[in-house]
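Before any comments, here is the structure.
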Amino acid sequence: MDILQRLARFLDRPLFPWKKLIIGFSVAQFLFEGVLGIRQYRVLTKTKPPAVLQHEVTQEVFDKSQAYGRAKAKFSLINGLYGQIQNFAFYHFDVLPKLWSWSGDLLLRFAPTRFTGEISQSIVFILAFIFIHQVVSLPSNIYQTFVLEEKFGFNKQTPKLFVTDMIKSNLLAVVLTPPILAGFLAIIKKTGSQFFYYLWMFGAGLQVFMITIYPIAILPLFNKLSPLEEGKLKTDVEDLAKKLKFPLHELHVIDGSKRSAHSNAYFFGLPWKKHIVIYDTLIEKSETEEVVAVLAHELGHWSLGHTTKLFGISQAHFFYIFALFSVFVNNNSLYADFGFHSQHPIIVGFLLFSDILGPADNVIKFLMNILSRRFEFQADAFANNLGYNAELASSLIKLQIQNLSTMDADWAFASYHFSHPILSERLKALNWHPTKKVEVKEKAEESEKKEDTAVTTGRDEL
């Protein structure tokens with residue numbers, strides 16, 4: 001496209017301070033989100049729940065929820081500052097060109113000649129980049145899992161399982177990164193200035209492929225899927241699927257409790273062959289009718305076309321990203337400002353372009369959150385129209401209690417960060433009128449534990 005080529009020439013200006021611009025974007029985002037975090041922290045110091053929830057939750061649960069929210073807010077602020085220091089150090093000490101040079105030297109020393117080109121070097125570079133990022137993020141991950149989540153009774157992971165998961169994730173990266181990255185780079189190299197069309201088609205095909213192999217080859221590495229036992233829950237869910245003409249292929253229970261008290265209920269699969277997965281903790285903590293109400297909400301997303309619309313939006317987003325990348329892929333001034341004077345590795349250009357795109361992506365995230373909250377209200381209304389008003393409201397309240405989720409939110413913080421409406425808004429939309437406090441179903445031996453449950457579609461919360 002002529003307009004993209006003209007824009008590419010306009011932005012390729014010698015001595016343009018790209019590094020300062022990217023660091024400036026990053027710092028500005030951190031400060032903006034910090035201000036929003038402070039606004040939310042003030043809400044988390046309140047001592048009384050919102051009026052609509054005063055008949056639903058005890059003071060003890062509200063106090064614990066507020067304490068958990070403040071702990072997460074503090075962690076988020078400190079972790080964000082730690083990330084800023086990492087980014088600044090990465091750019092200030094020219095880690096990218098040094099890592100690229102090291103990757104090339106490693107291949108020259110140990111790899112056959114045919115594996116010393118840009119694609120092979122890019123694969124080594126990205127794998128090393130992933131490893132470094134994982135190492136510097138390890139302290140934060142350990143603290144979040146074994147200190148913060150442990151303190152509030154949510155963590156179920158052992159150190160052994162934590163390490164095992166990390167090893168499996170790295171092995172997956174080693175297996176999946178080379179062919180995906182090789183395809184990505186080969187398309188750009190061989191299709192000229194219009195590469196973004198072909199890259200977009202490659203990305204769409206890759207998504208379908210990953211949806212297909214995820215339950216077969218990836219999910220079993222981390223969790224055990226078992227068929228849902230015969231009984232009222234299975235019968236009711238199957239009846240609901242038939243009523244909605246949902247192409248249900250299998251119903252699974254997943255052992256999410258071995259890592260966390262957090263749980264999911266979600267569906268996945270191809271348009272004609274869907275699987276529903278329910279976490280064991282959700283079944284343990286809810287009545288049968290409440291689990292069915294949760295799935296009525298989730299299937300509402302499918303029936304109302306939300307999943308199809310979001311897939312279409314994601315494809316448009318990918319196309320927009322790849323089209324804009326064509327503007328920067330040969331930007332000499334961008335590479336030079338980050339220490340790449342004689343070489344212009346495509347993968348490095350894409351990493352830097354992703355940082356430049358940050359502000360625009362935040363705007364898109366904000367707009368997507370608005371759309372997502374609208375979809376959640378619609379899915380709630382769908383379940384309500386199926387006759388699950390009381391059951392859905394009860395399940396939402398139970399999940400809130402089990403999660404120690406934020407029960408109130410600053411409007412600006414919620415608008416920017418939340419993809420789902422807060423509980424008080426959802427109960428109001430359901431026209432819920434409380435009659436008594438909702439009690440969470442507990443096993444006898446767990447009566448003193450508070451477990452966290454988050455219900456999702458795919459990986460999005462209910």
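Ordered as shown in the structure tokens, chains take letters A, B, and onward, while each chain numbers its residues from 1 and ligands are numbered from 1 in the order shown.
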In region 202-442 of chain A, DSSP strand (DSSP E or B) residues written as a list in words: Leu225, Ser226, Pro227, Leu248, His249, Glu250, Leu251, His252, Val253, Ile254, Ser260, Ala265, Tyr266, Phe267, Phe268, Gly269, Leu270, Lys273, Lys274, His275, Ile276, Val277, Ile278 and Tyr279 of chain A
Which residues come within 9 Å of region 34-41 of chain A, counting only C-alpha atoms, excluding same-chain residues fewer than 3 positions away, as a list in words?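 The contact residues come out as Gln29, Phe30, Leu31, Leu44, Thr45, Gly69, Arg70, Ala73, Lys74, Ser76, Leu77, Gly80, Asp408, Ala409, Asp410, Trp411, Ala412, Phe413, Ala414 and Tyr416 of chain A.
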Using DSSP on the backbone coordinates, identify the residues of region 101-238 of chain A assigned to helix (DSSP H, G or I); present them as JSON, numbers by chain. {"A": [101, 102, 103, 104, 105, 106, 107, 108, 109, 110, 113, 114, 115, 118, 119, 120, 121, 122, 123, 124, 125, 126, 127, 128, 129, 130, 131, 132, 133, 134, 135, 136, 137, 138, 139, 140, 141, 142, 143, 144, 145, 146, 147, 148, 149, 150, 151, 159, 160, 161, 162, 163, 164, 165, 166, 167, 168, 169, 170, 171, 172, 173, 174, 175, 176, 177, 178, 179, 180, 181, 182, 183, 184, 185, 186, 187, 188, 189, 190, 192, 193, 194, 195, 196, 197, 198, 199, 200, 201, 202, 203, 204, 205, 206, 207, 208, 209, 210, 211, 212, 213, 214, 215, 216, 217, 218, 219, 220, 221, 222, 232, 233, 234, 235, 236, 237, 238]}
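Nearest-residue note for Leu299 (chain A): choosing from A:Arg42, A:His133, A:Lys258, A:Lys245, the minimum distance belongs to A:Lys245, counting only C-alpha atoms.
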